[in-house]
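Have a look at input.cif; it's mmCIF, C-alpha atoms:
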```
data_target
loop_
_atom_site.label_atom_id
_atom_site.label_comp_id
_atom_site.auth_asym_id
_atom_site.auth_seq_id
_atom_site.Cartn_x
_atom_site.Cartn_y
_atom_site.Cartn_z
CA MET U 1 27.21 130.60 64.53
CA ASN U 2 26.39 131.01 68.18
CA ASP U 3 27.97 134.49 67.84
CA GLU U 4 31.31 132.72 67.71
CA PRO U 5 32.13 131.89 64.11
CA ASN U 6 33.19 128.26 64.63
CA LEU U 7 30.60 127.12 67.15
CA PRO U 8 27.59 125.12 65.90
CA PRO U 9 24.21 126.87 66.15
CA ASN U 10 22.21 126.46 69.33
CA ASP U 11 18.63 125.17 69.45
CA GLU U 12 17.02 128.57 69.22
CA GLN U 13 19.12 129.51 66.23
CA LEU U 14 18.25 126.24 64.53
CA LEU U 15 14.56 126.84 65.06
CA ARG U 16 14.81 130.39 63.75
CA TRP U 17 16.78 129.09 60.79
CA ILE U 18 13.95 126.70 60.01
CA ASP U 19 11.51 129.61 60.30
CA ARG U 20 13.84 131.84 58.25
CA SER U 21 13.60 134.41 61.00
CA LEU U 22 17.34 134.71 61.66
CA PRO U 23 19.07 137.97 60.76
CA GLU U 24 20.02 137.99 57.09
CA ASP U 25 23.73 137.49 57.63
CA GLN U 26 23.28 134.57 60.03
CA LEU U 27 20.67 133.03 57.75
CA LYS U 28 23.02 133.13 54.80
CA ALA U 29 25.91 131.78 56.85
CA LEU U 30 23.89 128.86 58.09
CA ASP U 31 22.42 128.26 54.64
CA LEU U 32 25.96 127.71 53.44
CA SER U 33 27.24 125.68 56.35
CA ALA U 34 24.19 123.49 57.05
CA PRO U 35 24.54 119.91 55.83
CA PRO U 36 22.00 118.62 53.28
CA ALA U 37 20.05 116.69 55.94
CA TRP U 38 19.27 119.94 57.77
CA HIS U 39 18.02 121.51 54.54
CA GLN U 40 15.80 118.49 53.97
CA GLN U 41 14.29 118.88 57.42
CA ARG U 42 13.69 122.57 56.86
CA ASP U 43 11.97 121.84 53.54
CA ALA U 44 9.80 119.24 55.25
CA ALA U 45 8.82 121.76 57.93
CA GLN U 46 7.87 124.31 55.30
CA LEU U 47 5.87 121.75 53.41
CA THR U 48 3.95 120.95 56.58
CA GLY U 49 3.28 124.63 57.19
CA ASN U 50 2.08 125.16 53.64
CA LEU U 51 -0.12 122.09 53.91
CA LEU U 52 -1.73 123.40 57.09
CA ARG U 53 -2.26 126.85 55.63
CA SER U 54 -3.79 125.53 52.43
CA SER U 55 -5.93 122.87 54.08
CA LEU U 56 -7.40 124.60 57.07
CA PRO U 57 -10.22 127.07 56.90
CA ARG U 58 -9.44 130.28 58.74
CA THR U 59 -12.08 129.43 61.29
CA VAL U 60 -12.28 125.95 62.69
CA GLU U 61 -14.75 124.90 65.30
CA LEU U 62 -14.91 121.28 66.24
CA PRO U 63 -18.29 120.20 67.55
CA SER U 64 -16.61 117.26 69.19
CA PRO U 65 -12.90 117.77 69.96
CA ASP U 66 -12.72 114.42 71.73
CA LEU U 67 -13.90 112.62 68.59
CA PHE U 68 -11.26 114.48 66.59
CA THR U 69 -8.54 113.71 69.14
CA SER U 70 -9.49 110.05 69.23
CA ARG U 71 -9.07 109.86 65.48
CA ILE U 72 -5.62 111.47 65.70
CA MET U 73 -4.63 109.05 68.46
CA GLU U 74 -5.80 106.13 66.33
CA ALA U 75 -3.59 107.42 63.53
CA VAL U 76 -0.64 107.69 65.94
CA GLN U 77 -1.12 104.13 67.15
CA ARG U 78 -1.57 102.88 63.61
CA ASP U 79 1.66 104.53 62.51
CA ALA U 80 3.71 103.57 65.57
CA PRO U 81 5.20 100.30 64.24
CA ALA U 82 6.14 101.98 60.98
CA THR U 83 8.09 104.73 62.70
CA ALA U 84 10.06 102.43 64.98
CA PRO U 85 12.94 101.65 62.57
CA ALA U 86 13.48 105.34 61.85
CA SER U 87 16.84 105.25 63.66
CA ASN U 88 18.50 104.22 60.39
CA ILE U 89 17.77 107.49 58.63
CA THR U 90 20.34 110.12 57.83
CA PRO U 91 22.49 111.08 60.83
CA PHE U 92 21.16 114.23 62.35
CA PRO U 93 22.15 116.45 65.26
CA SER U 94 20.57 115.08 68.41
CA ARG U 95 18.97 118.37 69.34
CA PHE U 96 17.37 118.54 65.92
CA ARG U 97 15.49 115.38 66.82
CA GLN U 98 13.81 117.35 69.59
CA TRP U 99 12.36 119.63 66.95
CA PHE U 100 11.36 116.71 64.86
CA ALA U 101 8.66 115.60 67.36
CA PRO U 102 6.62 118.82 67.13
CA LEU U 103 7.13 118.89 63.38
CA ALA U 104 5.89 115.34 63.11
CA SER U 105 3.00 116.27 65.38
CA ALA U 106 2.10 119.17 63.12
CA ALA U 107 2.27 116.88 60.11
CA LEU U 108 -0.09 114.45 61.82
CA VAL U 109 -2.44 117.27 62.70
CA ALA U 110 -2.40 118.40 59.08
CA ALA U 111 -3.14 114.87 57.97
CA GLY U 112 -5.92 114.65 60.54
CA PHE U 113 -7.50 117.89 59.34
CA LEU U 114 -7.23 116.74 55.76
CA LEU U 115 -9.06 113.55 56.69
CA TRP U 116 -11.53 115.59 58.72
CA ASN U 117 -12.26 118.01 55.90
CA ALA U 118 -12.16 115.50 53.11
CA ASN U 119 -15.50 114.06 52.11
CA PRO U 120 -15.00 110.32 52.48
CA HIS U 121 -18.69 109.54 52.03
CA PRO U 122 -19.56 108.70 48.47
CA ARG U 123 -23.28 108.88 47.80
CA SER U 124 -23.71 105.15 47.46
CA SER U 125 -22.19 104.16 50.77
CA PRO U 126 -22.07 106.69 53.57
CA VAL U 127 -20.06 105.63 56.57
CA ALA U 128 -19.67 106.94 60.06
CA GLU U 129 -16.69 107.91 62.17
CA THR U 130 -17.51 107.13 65.78
CA TYR U 131 -16.26 107.78 69.28
CA THR U 132 -17.61 106.28 72.49
CA PRO U 133 -16.71 108.19 75.68
CA ASP U 134 -17.18 104.99 77.69
CA SER U 135 -14.26 102.80 76.70
CA ARG U 136 -16.25 99.63 77.48
CA VAL U 137 -18.73 100.47 74.76
CA ILE U 138 -17.85 99.42 71.23
CA ALA U 139 -19.38 101.15 68.23
CA ARG U 140 -19.39 99.08 65.04
CA ALA U 141 -20.06 101.46 62.17
CA TYR U 142 -20.65 100.24 58.65
CA PHE U 143 -22.86 100.68 55.66
CA SER U 144 -25.35 97.89 55.17
CA ASP U 145 -26.01 97.34 51.49
CA ASP U 146 -28.91 95.04 52.37
CA ALA U 147 -30.64 97.68 54.44
CA ASP U 148 -29.31 100.61 52.39
CA ALA U 149 -28.50 102.34 55.65
CA THR U 150 -25.58 103.43 57.76
CA VAL U 151 -25.43 101.32 60.90
CA ILE U 152 -23.86 102.28 64.19
CA ASP U 153 -24.22 99.23 66.38
CA LEU U 154 -23.39 99.86 70.03
CA GLU U 155 -22.18 96.85 71.98
CA ASN U 156 -21.67 96.39 75.73
CA LEU U 157 -24.16 99.07 76.67
CA GLU U 158 -25.75 98.74 80.05
CA ALA U 159 -29.27 97.35 79.60
CA VAL U 160 -32.25 99.48 80.53
CA PRO U 161 -33.90 97.85 83.56
CA ASP U 162 -37.00 95.88 82.58
CA SER U 163 -38.96 97.65 85.30
CA ARG U 164 -38.43 100.99 83.63
CA GLU U 165 -41.18 102.37 81.44
CA ILE U 166 -39.78 103.97 78.30
CA ARG U 167 -41.41 107.35 78.01
CA ALA U 168 -41.79 108.06 74.31
CA PHE U 169 -43.33 110.98 72.47
CA ASN U 170 -44.80 111.94 69.12
CA ILE U 171 -43.70 115.51 68.68
CA ALA U 172 -43.40 118.16 66.01
CA SER U 173 -40.45 120.27 64.96
CA ALA U 174 -39.55 123.08 67.32
CA ASP U 175 -37.51 126.21 66.75
CA PRO U 176 -34.37 126.73 68.78
CA ALA U 177 -34.77 128.38 72.16
CA ALA U 178 -33.25 131.71 73.10
CA PRO U 179 -29.80 131.29 74.67
CA GLY U 180 -30.15 130.08 78.23
CA GLU U 181 -33.84 129.35 77.83
CA PRO U 182 -35.35 125.86 77.73
CA GLN U 183 -36.61 124.50 74.43
CA ILE U 184 -40.23 123.42 74.38
CA PHE U 185 -41.48 120.67 72.11
CA TYR U 186 -45.14 120.32 71.17
CA ALA U 187 -47.33 117.39 70.22
CA ALA U 188 -47.32 116.42 66.55
CA ASN U 189 -51.12 116.19 66.40
CA GLY U 190 -51.55 119.93 65.86
CA SER U 191 -52.91 120.58 69.33
CA ARG U 192 -49.91 122.76 70.28
CA LYS U 193 -49.86 120.87 73.55
CA PRO U 194 -46.42 121.12 75.13
CA VAL U 195 -45.04 117.64 75.59
CA VAL U 196 -41.47 117.94 76.77
CA VAL U 197 -39.07 120.65 77.88
CA LEU U 198 -35.37 120.44 77.12
CA SER U 199 -32.83 122.32 79.17
CA HIS U 200 -29.14 121.82 79.77
CA ASP U 201 -27.14 121.45 82.93
CA ALA U 202 -23.72 122.97 83.57
CA THR U 203 -22.01 120.20 81.62
CA SER U 204 -24.29 120.74 78.58
CA ALA U 205 -25.97 117.41 79.21
CA PRO U 206 -29.65 117.48 78.24
CA HIS U 207 -32.32 117.49 80.89
CA LEU U 208 -35.70 116.39 79.58
CA ARG U 209 -38.85 117.04 81.55
CA ALA U 210 -42.04 115.43 80.29
CA ILE U 211 -45.18 117.48 80.76
CA PRO U 212 -48.04 115.29 81.96
CA MET J 213 25.17 117.66 74.36
CA THR J 214 23.34 114.46 75.19
CA SER J 215 20.98 112.84 72.83
CA PRO J 216 17.43 112.18 74.02
CA SER J 217 16.74 108.48 74.26
CA PRO J 218 14.16 107.03 71.90
CA SER J 219 11.83 106.29 74.80
CA ARG J 220 12.15 109.87 75.99
CA SER J 221 11.34 111.07 72.51
CA ARG J 222 8.28 108.88 72.46
CA ARG J 223 7.22 110.14 75.87
CA SER J 224 7.56 113.70 74.73
CA PHE J 225 5.68 113.05 71.52
CA LEU J 226 2.15 112.60 72.81
CA PRO J 227 2.05 115.65 75.10
CA LEU J 228 3.48 117.69 72.24
CA LEU J 229 0.86 116.33 69.89
CA LEU J 230 -1.94 117.17 72.30
CA ALA J 231 -0.46 120.62 72.88
CA VAL J 232 -0.39 121.26 69.14
CA LEU J 233 -3.99 120.04 68.82
CA SER J 234 -5.12 122.25 71.64
CA SER J 235 -3.29 125.33 70.37
CA ILE J 236 -4.62 124.88 66.84
CA SER J 237 -8.16 124.44 68.10
CA HIS J 238 -7.91 127.60 70.18
CA ALA J 239 -6.03 129.67 67.65
CA PHE J 240 -8.39 128.95 64.82
CA SER J 241 -11.55 129.34 66.83
CA GLN J 242 -10.47 132.89 67.66
CA SER J 243 -10.15 134.13 64.11
CA PRO J 244 -13.47 135.48 62.96
CA THR J 245 -14.23 135.28 59.27
CA PRO J 246 -17.35 135.28 57.18
CA ALA J 247 -16.87 131.55 56.64
CA ALA J 248 -18.31 130.79 60.02
CA ALA J 249 -18.33 127.39 61.59
CA PRO J 250 -21.30 125.32 60.61
CA ALA J 251 -22.56 124.26 63.98
CA SER J 252 -22.64 125.90 67.33
CA THR J 253 -24.49 125.71 70.57
CA PRO J 254 -27.08 128.33 71.42
CA ALA J 255 -24.71 129.63 74.08
CA SER J 256 -22.16 130.53 71.43
CA THR J 257 -24.61 132.26 69.12
CA PRO J 258 -25.55 135.90 69.40
CA ALA J 259 -27.85 136.50 72.34
CA ALA J 260 -30.72 137.56 70.15
CA ALA J 261 -34.28 136.37 70.19
CA PRO J 262 -34.63 133.16 68.22
CA THR J 263 -36.02 134.53 65.02
CA PRO J 264 -36.92 131.77 62.57
CA ALA J 265 -33.73 129.79 62.23
CA ALA J 266 -32.44 128.77 58.84
CA ALA J 267 -33.22 125.12 58.45
CA GLU J 268 -31.44 122.82 56.09
CA ALA J 269 -33.75 119.83 56.09
CA LEU J 270 -36.37 117.90 57.95
CA VAL J 271 -35.44 114.66 59.66
CA ASP J 272 -37.47 111.98 61.38
CA GLY J 273 -36.11 110.59 64.62
CA LEU J 274 -37.79 107.27 65.27
CA LEU J 275 -37.40 105.09 68.32
CA PHE J 276 -38.11 101.42 67.72
CA PHE J 277 -38.33 98.56 70.16
CA ALA J 278 -36.90 95.49 68.47
CA SER J 279 -38.50 92.43 69.99
CA LYS J 280 -39.26 88.76 69.56
CA ASP J 281 -42.74 89.53 70.79
CA ALA J 282 -45.44 90.83 68.46
CA THR J 283 -47.13 92.72 71.28
CA THR J 284 -46.23 96.37 71.54
CA PRO J 285 -45.00 97.50 74.94
CA LEU J 286 -46.92 100.78 74.69
CA PRO J 287 -50.45 101.43 75.88
CA LYS J 288 -52.87 102.07 73.00
CA GLU J 289 -53.33 105.75 73.81
CA ASP J 290 -49.61 106.34 73.27
CA LYS J 291 -49.57 104.78 69.82
CA VAL J 292 -47.25 106.57 67.44
CA THR J 293 -48.10 106.59 63.77
CA LEU J 294 -46.04 106.49 60.62
CA ASP J 295 -47.01 106.06 56.99
CA PRO J 296 -47.72 102.30 56.76
CA ALA J 297 -45.59 101.87 53.64
CA VAL J 298 -42.63 103.65 55.27
CA ALA J 299 -43.13 101.68 58.47
CA GLN J 300 -43.18 98.37 56.65
CA SER J 301 -40.14 99.24 54.56
CA LEU J 302 -38.21 100.35 57.61
CA SER J 303 -39.11 97.20 59.54
CA LEU J 304 -37.83 95.05 56.69
CA ARG J 305 -34.59 97.02 56.49
CA LEU J 306 -34.09 96.98 60.25
CA ALA J 307 -34.58 93.23 60.27
CA LYS J 308 -31.62 92.86 57.89
CA VAL J 309 -29.37 94.44 60.48
CA PHE J 310 -30.87 93.64 63.87
CA LYS J 311 -31.96 90.06 64.21
CA PHE J 312 -35.45 90.56 65.57
CA PRO J 313 -38.77 89.72 63.91
CA HIS J 314 -40.74 92.70 65.24
CA PHE J 315 -39.98 96.41 65.31
CA HIS J 316 -42.44 98.47 67.31
CA LEU J 317 -42.38 102.20 66.72
CA ILE J 318 -42.63 103.74 70.18
CA GLY J 319 -41.52 107.34 69.64
CA ARG J 320 -41.30 109.86 66.83
CA HIS J 321 -40.01 113.38 66.47
CA THR J 322 -39.92 115.22 63.15
CA GLN J 323 -37.42 118.03 63.44
CA LYS J 324 -35.81 120.69 61.28
CA VAL J 325 -32.04 120.52 61.14
CA PHE J 326 -30.78 124.04 61.66
CA LYS J 327 -27.75 125.47 59.94
CA GLU J 328 -26.40 127.49 62.84
CA TYR J 329 -28.01 125.88 65.86
CA GLU J 330 -27.79 122.46 67.33
CA SER J 331 -30.94 120.44 66.67
CA TRP J 332 -32.37 118.01 69.21
CA VAL J 333 -34.42 115.01 68.19
CA VAL J 334 -36.36 113.70 71.15
CA PRO J 335 -38.64 110.77 70.36
CA SER J 336 -38.20 109.60 73.93
CA LYS J 337 -37.18 110.87 77.33
CA ASP J 338 -34.74 108.00 77.52
CA LEU J 339 -32.87 108.27 74.23
CA CYS J 340 -32.38 111.48 72.31
CA LEU J 341 -30.12 112.70 69.55
CA LYS J 342 -28.24 115.94 69.08
CA ILE J 343 -27.51 116.93 65.48
CA ASP J 344 -24.94 119.51 64.41
CA TYR J 345 -25.22 120.33 60.74
CA GLN J 346 -21.84 120.31 58.98
CA GLY J 347 -22.71 121.19 55.44
CA PRO J 348 -24.24 119.53 52.43
CA ALA J 349 -23.08 116.04 51.52
CA GLU J 350 -21.85 115.21 48.08
CA GLY J 351 -24.74 114.06 45.94
CA GLY J 352 -27.39 115.23 48.39
CA GLY J 353 -28.02 114.74 52.06
CA LEU J 354 -26.42 116.29 55.08
CA ASN J 355 -23.03 115.96 56.68
CA VAL J 356 -23.80 115.86 60.37
CA HIS J 357 -22.23 115.34 63.75
CA LEU J 358 -24.48 113.14 65.88
CA GLN J 359 -24.52 112.56 69.61
CA LEU J 360 -26.78 109.86 71.00
CA TRP J 361 -27.68 110.56 74.63
CA GLN J 362 -29.17 108.27 77.24
CA ASP J 363 -30.18 110.36 80.24
CA LYS J 364 -27.03 112.33 81.15
CA LYS J 365 -24.65 110.11 79.22
CA VAL J 366 -23.37 110.32 75.65
CA LEU J 367 -23.42 106.81 74.25
CA VAL J 368 -21.71 107.64 70.98
CA LYS J 369 -20.53 110.59 68.91
CA SER J 370 -20.36 110.25 65.20
CA ASP J 371 -19.67 112.12 61.99
CA THR J 372 -21.82 110.72 59.27
CA VAL J 373 -24.20 111.48 56.43
CA ILE J 374 -27.98 111.47 56.49
CA SER J 375 -29.63 111.46 53.11
CA PRO J 376 -33.12 110.84 51.80
CA GLY J 377 -33.67 107.13 51.48
CA GLN J 378 -30.51 106.24 53.41
CA PRO J 379 -31.19 106.42 57.14
CA VAL J 380 -28.81 105.92 60.00
CA PHE J 381 -29.61 103.04 62.36
CA LEU J 382 -28.25 103.34 65.88
CA GLY J 383 -28.43 100.09 67.82
CA GLY J 384 -29.00 101.08 71.44
CA PRO J 385 -29.36 99.33 74.79
CA LYS J 386 -31.22 96.12 75.52
CA TRP J 387 -34.59 96.31 77.21
CA ARG J 388 -37.14 93.67 78.15
CA GLY J 389 -35.57 90.94 76.09
CA GLY J 390 -35.36 93.16 73.05
CA ARG J 391 -33.44 96.21 72.03
CA LEU J 392 -33.98 99.93 71.51
CA VAL J 393 -33.06 101.13 68.04
CA PHE J 394 -32.89 104.80 67.09
CA VAL J 395 -33.43 105.63 63.43
CA VAL J 396 -32.73 109.02 61.93
CA MET J 397 -33.75 109.65 58.35
CA GLN J 398 -34.02 112.71 56.17
CA GLN J 399 -37.40 113.42 54.67
CA ALA J 400 -37.40 113.82 50.93
CA PRO J 401 -37.37 117.53 50.01
CA ALA J 402 -40.80 118.93 49.20
CA LYS J 403 -41.43 119.21 45.45
#
```

Written as structure tokens, how would this file's structure read?
Amino acid sequence: MNDEPNLPPNDEQLLRWIDRSLPEDQLKALDLSAPPAWHQQRDAAQLTGNLLRSSLPRTVELPSPDLFTSRIMEAVQRDAPATAPASNITPFPSRFRQWFAPLASAALVAAGFLLWNANPHPRSSPVAETYTPDSRVIARAYFSDDADATVIDLENLEAVPDSREIRAFNIASADPAAPGEPQIFYAANGSRKPVVVLSHDATSAPHLRAIP
Amino acid sequence: MTSPSPSRSRRSFLPLLLAVLSSISHAFSQSPTPAAAPASTPASTPAAAPTPAAAEALVDGLLFFASKDATTPLPKEDKVTLDPAVAQSLSLRLAKVFKFPHFHLIGRHTQKVFKEYESWVVPSKDLCLKIDYQGPAEGGGLNVHLQLWQDKKVLVKSDTVISPGQPVFLGGPKWRGGRLVFVVMQQAPAK
């Protein structure tokens, strides 16, 4: 390959061979000359691609990308010790290993999406996947059979100062506001008295204003 | 050609992973199909007047003050009511998880969970919950993405299930020797 018959293929050619996007003649030539280990890697790449295509909906919107990313990172850390001895596997061209990282990443992403889309919550014992933006805060999530409830117990939260009065409401369901407009919530006693106004700042954080 | 060292491979792995995540998230969010995403913010929905939004269910967001003291911290005029049988049942169930003898209901918000809009449950100015509906749960109930907010801060984000009879208890911050507990429960569908 490499335009010179006896030279090994370069990285770009290898990638295009995996994608089967090489010109027909070069594809056939490399099909014949590639060692079995290369074919195995190409099959694995195709499997990953097929898995992604079959598992992902055409439109994916993650309401919380950081929660999703944290779950992927947990999977990476969990798998790290298991991947360490991988140096004993079939000898492989060093540059091919560079392609292996993105392939492995894609495989992890596929696995993550499968986990994300799978329904791991049987009726009898729902559970919760959690993410706390503040790394000091620990969320213990479990299903309590005694209470017949899903529990998300947050530890290490900063206490609310005792001097603070908790301002609580008793309010009725409200329809969503028009885009960019504040949402108004009314008292639950049927008086239609506005109780609290919800708006959002530039970071999408809620801003609640109680109406006296 | 030199071979990348294992440590270099490891170093290159995480950025690549994050790049793949980012590209997938962007690529897929740009392909419009009838199978639209389940939850979105008002800003990402068509800029039309909010005609009655399709609601999936009704949930109760209840803020409890778990305390060793039997005296409620609220003035009488702010008393929040709940069906006594439901209140008693909830107190018993909360006591199995949070080790306090008294659970004072101090805030309540009954809210529809919308299919295509985020839903806010605001029983208090201090703790509120954002719910993104993510489809029906197997065997009933709702798959939801929850975000518990305290002022301008997200305390926790969670993917979970809310179903009639099986609430979600969120153990929040300490306050006045006790603890704030947020309960979200789906109301049984009307017959």

Selected residue of minimal separation from Lys291 of chain J among J:Leu358, J:Leu317, J:Val309, J:Ala278, counting all atoms listed in the file: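 Of J:Leu358, J:Leu317, J:Val309, J:Ala278, the one nearest Lys291 of chain J, counting all atoms listed in the file, is J:Leu317.
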
Near-Leu382 of chain J list (10 Å; only C-alpha atoms; drop same-chain fewer than 3 positions) as a list in words: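 The residues satisfying every condition are Ala139, Arg140, Ala141, Thr150, Val151, Ile152, Asp153 and Leu154 of chain U; Leu275, Leu360, Val368, Pro379, Pro385, Leu392, Val393, Phe394, Val395 and Val396 of chain J.
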
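Minimum atom-to-atom distance to Ala168 of chain U, evaluated using all atoms listed in the file, belongs to J:Asp338 out of J:Asp295, J:Asp338, J:Asp344, J:Asp371.
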
Atom CA of Arg209 of chain U to atom CA of Val334 of chain J, distance in Å rounded to a single decimal: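 Distance reported for this atom pair: 11.2 Å.
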
Answer key for the PyMOL selection byres ((chain U and resi 172-177) around 8), residues as a list of chain:residue names: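 This file, filtered by the PyMOL selection byres ((chain U and resi 172-177) around 8), leaves U:Asn170, U:Ile171, U:Ala178, U:Pro179, U:Gly180, U:Glu181, U:Pro182, U:Gln183, U:Ile184, U:Phe185, U:Tyr186, U:Ala187, U:Ala188, U:Asn189, J:Pro254, J:Pro262, J:Pro264, J:Ala265, J:His321, J:Thr322, J:Gln323, J:Lys324, J:Tyr329, J:Glu330, J:Ser331.
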
Gap from atom CA of Lys308 of chain J to atom CA of Ser370 of chain J - Å, one decimal: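 Answer for the atom CA of Lys308 of chain J to atom CA of Ser370 of chain J separation: 22.0 Å.
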
Counting only C-alpha atoms, the option among J:Gln346, J:Ser336, J:Gln399, J:Ser279 closest to His314 of chain J: J:Ser279

Mind telling me what the PyMOL selection byres ((chain J and resi 359) around 10) catches here, as an mmCIF file with C-alpha atoms, in the coordinates of the input?
```
data_model
loop_
_atom_site.group_PDB
_atom_site.id
_atom_site.type_symbol
_atom_site.label_atom_id
_atom_site.label_comp_id
_atom_site.auth_asym_id
_atom_site.auth_seq_id
_atom_site.Cartn_x
_atom_site.Cartn_y
_atom_site.Cartn_z
ATOM 1 C CA SER U 64 -16.610 117.260 69.190
ATOM 2 C CA THR U 130 -17.510 107.130 65.780
ATOM 3 C CA TYR U 131 -16.260 107.780 69.280
ATOM 4 C CA THR U 132 -17.610 106.280 72.490
ATOM 5 C CA TRP J 332 -32.370 118.010 69.210
ATOM 6 C CA CYS J 340 -32.380 111.480 72.310
ATOM 7 C CA LEU J 341 -30.120 112.700 69.550
ATOM 8 C CA LYS J 342 -28.240 115.940 69.080
ATOM 9 C CA ILE J 343 -27.510 116.930 65.480
ATOM 10 C CA ASP J 344 -24.940 119.510 64.410
ATOM 11 C CA VAL J 356 -23.800 115.860 60.370
ATOM 12 C CA HIS J 357 -22.230 115.340 63.750
ATOM 13 C CA LEU J 358 -24.480 113.140 65.880
ATOM 14 C CA LEU J 360 -26.780 109.860 71.000
ATOM 15 C CA TRP J 361 -27.680 110.560 74.630
ATOM 16 C CA GLN J 362 -29.170 108.270 77.240
ATOM 17 C CA LYS J 365 -24.650 110.110 79.220
ATOM 18 C CA VAL J 366 -23.370 110.320 75.650
ATOM 19 C CA LEU J 367 -23.420 106.810 74.250
ATOM 20 C CA VAL J 368 -21.710 107.640 70.980
ATOM 21 C CA LYS J 369 -20.530 110.590 68.910
ATOM 22 C CA SER J 370 -20.360 110.250 65.200
ATOM 23 C CA ASP J 371 -19.670 112.120 61.990
#
```

Residue members of the PyMOL selection byres ((chain J and resi 306) around 10) in the file shown, as a list in words: Asp146, Ala147, Asp148, Ala149 and Val151 of chain U; Phe276, Ala278, Gln300, Ser301, Leu302, Ser303, Leu304, Arg305, Ala307, Lys308, Val309, Phe310, Lys311, Phe312, Pro313, His314, Phe315, Phe381, Gly383, Val393 and Val395 of chain J

Of the listed residues U:Leu67, U:Pro212, U:Ala202, U:Val195, that which approaches chain J most closely, counting only C-alpha atoms: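 For chain J, the nearest of the given residues is U:Leu67.
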
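Here atom CA of Gly353 of chain J is placed at a distance of 5.5 Å from atom CA of Ile374 of chain J.
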
Residue among J:Lys337, J:His316, J:Lys280, J:Arg391 lying closest to chain U, counting only C-alpha atoms: J:Lys337

Please report, as lines of an AutoDock Vina configuration file, the centre and edge lengths in Å to one decimal of an axis-aligned box covering all listed atoms of segment 344-362 of chain J with 3 Å per side.
```
center_x = -25.5
center_y = 114.7
center_z = 61.6
size_x = 13.3
size_y = 18.9
size_z = 37.3
```

Which residue of U:Gln46, U:Ser144, U:Ser54, U:Ser199 approaches chain J most closely, using all atoms listed in the file: U:Ser144

Residue contacts of Val373 of chain J (10 Å, all atoms listed in the file) excluding same-chain residues fewer than 5 positions away, as a list in words: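 Residues near the query, excluding close chain neighbours: His121, Pro122, Arg123, Ser125, Pro126, Val127, Ala128 and Thr150 of chain U; Tyr345, Gln346, Gly347, Pro348, Ala349, Glu350, Gly352, Gly353, Leu354, Asn355, Val356, His357, Leu358, Gln378, Pro379, Val380, Met397 and Gln398 of chain J.
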
Dump as an mmCIF file, keeping the file's coordinate frame, selection limited to C-alpha atoms:
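Written output follows (selection_4.cif):
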```
data_model
loop_
_atom_site.group_PDB
_atom_site.id
_atom_site.type_symbol
_atom_site.label_atom_id
_atom_site.label_comp_id
_atom_site.auth_asym_id
_atom_site.auth_seq_id
_atom_site.Cartn_x
_atom_site.Cartn_y
_atom_site.Cartn_z
ATOM 1 C CA HIS U 121 -18.690 109.540 52.030
ATOM 2 C CA PRO U 122 -19.560 108.700 48.470
ATOM 3 C CA ARG U 123 -23.280 108.880 47.800
ATOM 4 C CA SER U 125 -22.190 104.160 50.770
ATOM 5 C CA PRO U 126 -22.070 106.690 53.570
ATOM 6 C CA VAL U 127 -20.060 105.630 56.570
ATOM 7 C CA ALA U 128 -19.670 106.940 60.060
ATOM 8 C CA THR U 150 -25.580 103.430 57.760
ATOM 9 C CA TYR J 345 -25.220 120.330 60.740
ATOM 10 C CA GLN J 346 -21.840 120.310 58.980
ATOM 11 C CA GLY J 347 -22.710 121.190 55.440
ATOM 12 C CA PRO J 348 -24.240 119.530 52.430
ATOM 13 C CA ALA J 349 -23.080 116.040 51.520
ATOM 14 C CA GLU J 350 -21.850 115.210 48.080
ATOM 15 C CA GLY J 352 -27.390 115.230 48.390
ATOM 16 C CA GLY J 353 -28.020 114.740 52.060
ATOM 17 C CA LEU J 354 -26.420 116.290 55.080
ATOM 18 C CA ASN J 355 -23.030 115.960 56.680
ATOM 19 C CA VAL J 356 -23.800 115.860 60.370
ATOM 20 C CA HIS J 357 -22.230 115.340 63.750
ATOM 21 C CA LEU J 358 -24.480 113.140 65.880
ATOM 22 C CA GLN J 378 -30.510 106.240 53.410
ATOM 23 C CA PRO J 379 -31.190 106.420 57.140
ATOM 24 C CA VAL J 380 -28.810 105.920 60.000
ATOM 25 C CA MET J 397 -33.750 109.650 58.350
ATOM 26 C CA GLN J 398 -34.020 112.710 56.170
#
```

Protein/DNA/RNA residues near (-30.8, 124.9, 56.7), cut 7 Å, all atoms listed in the file, as a ChimeraX atom specification: /J:266-269,325-327

Since the input has fewer atoms than a full residue there, write segment 197-202 of chain U out with N, CA and C atoms, as a compact mmCIF listing (two decimals), in the frame of the given file.
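Result file result-v9.txt:
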```txt
# COMPACT_ATOMS: atom_id res chain seq x y z
N VAL U 197 -39.91 119.46 77.78
CA VAL U 197 -39.07 120.65 77.88
C VAL U 197 -37.63 120.20 77.98
N LEU U 198 -36.80 120.79 77.13
CA LEU U 198 -35.37 120.44 77.12
C LEU U 198 -34.57 121.62 77.67
N SER U 199 -33.78 121.32 78.68
CA SER U 199 -32.83 122.32 79.17
C SER U 199 -31.48 121.62 79.32
N HIS U 200 -30.48 122.39 79.68
CA HIS U 200 -29.14 121.82 79.77
C HIS U 200 -28.54 122.13 81.14
N ASP U 201 -27.81 121.16 81.67
CA ASP U 201 -27.14 121.45 82.93
C ASP U 201 -25.77 122.08 82.66
N ALA U 202 -24.99 122.26 83.72
CA ALA U 202 -23.72 122.97 83.57
C ALA U 202 -22.75 122.26 82.64
```
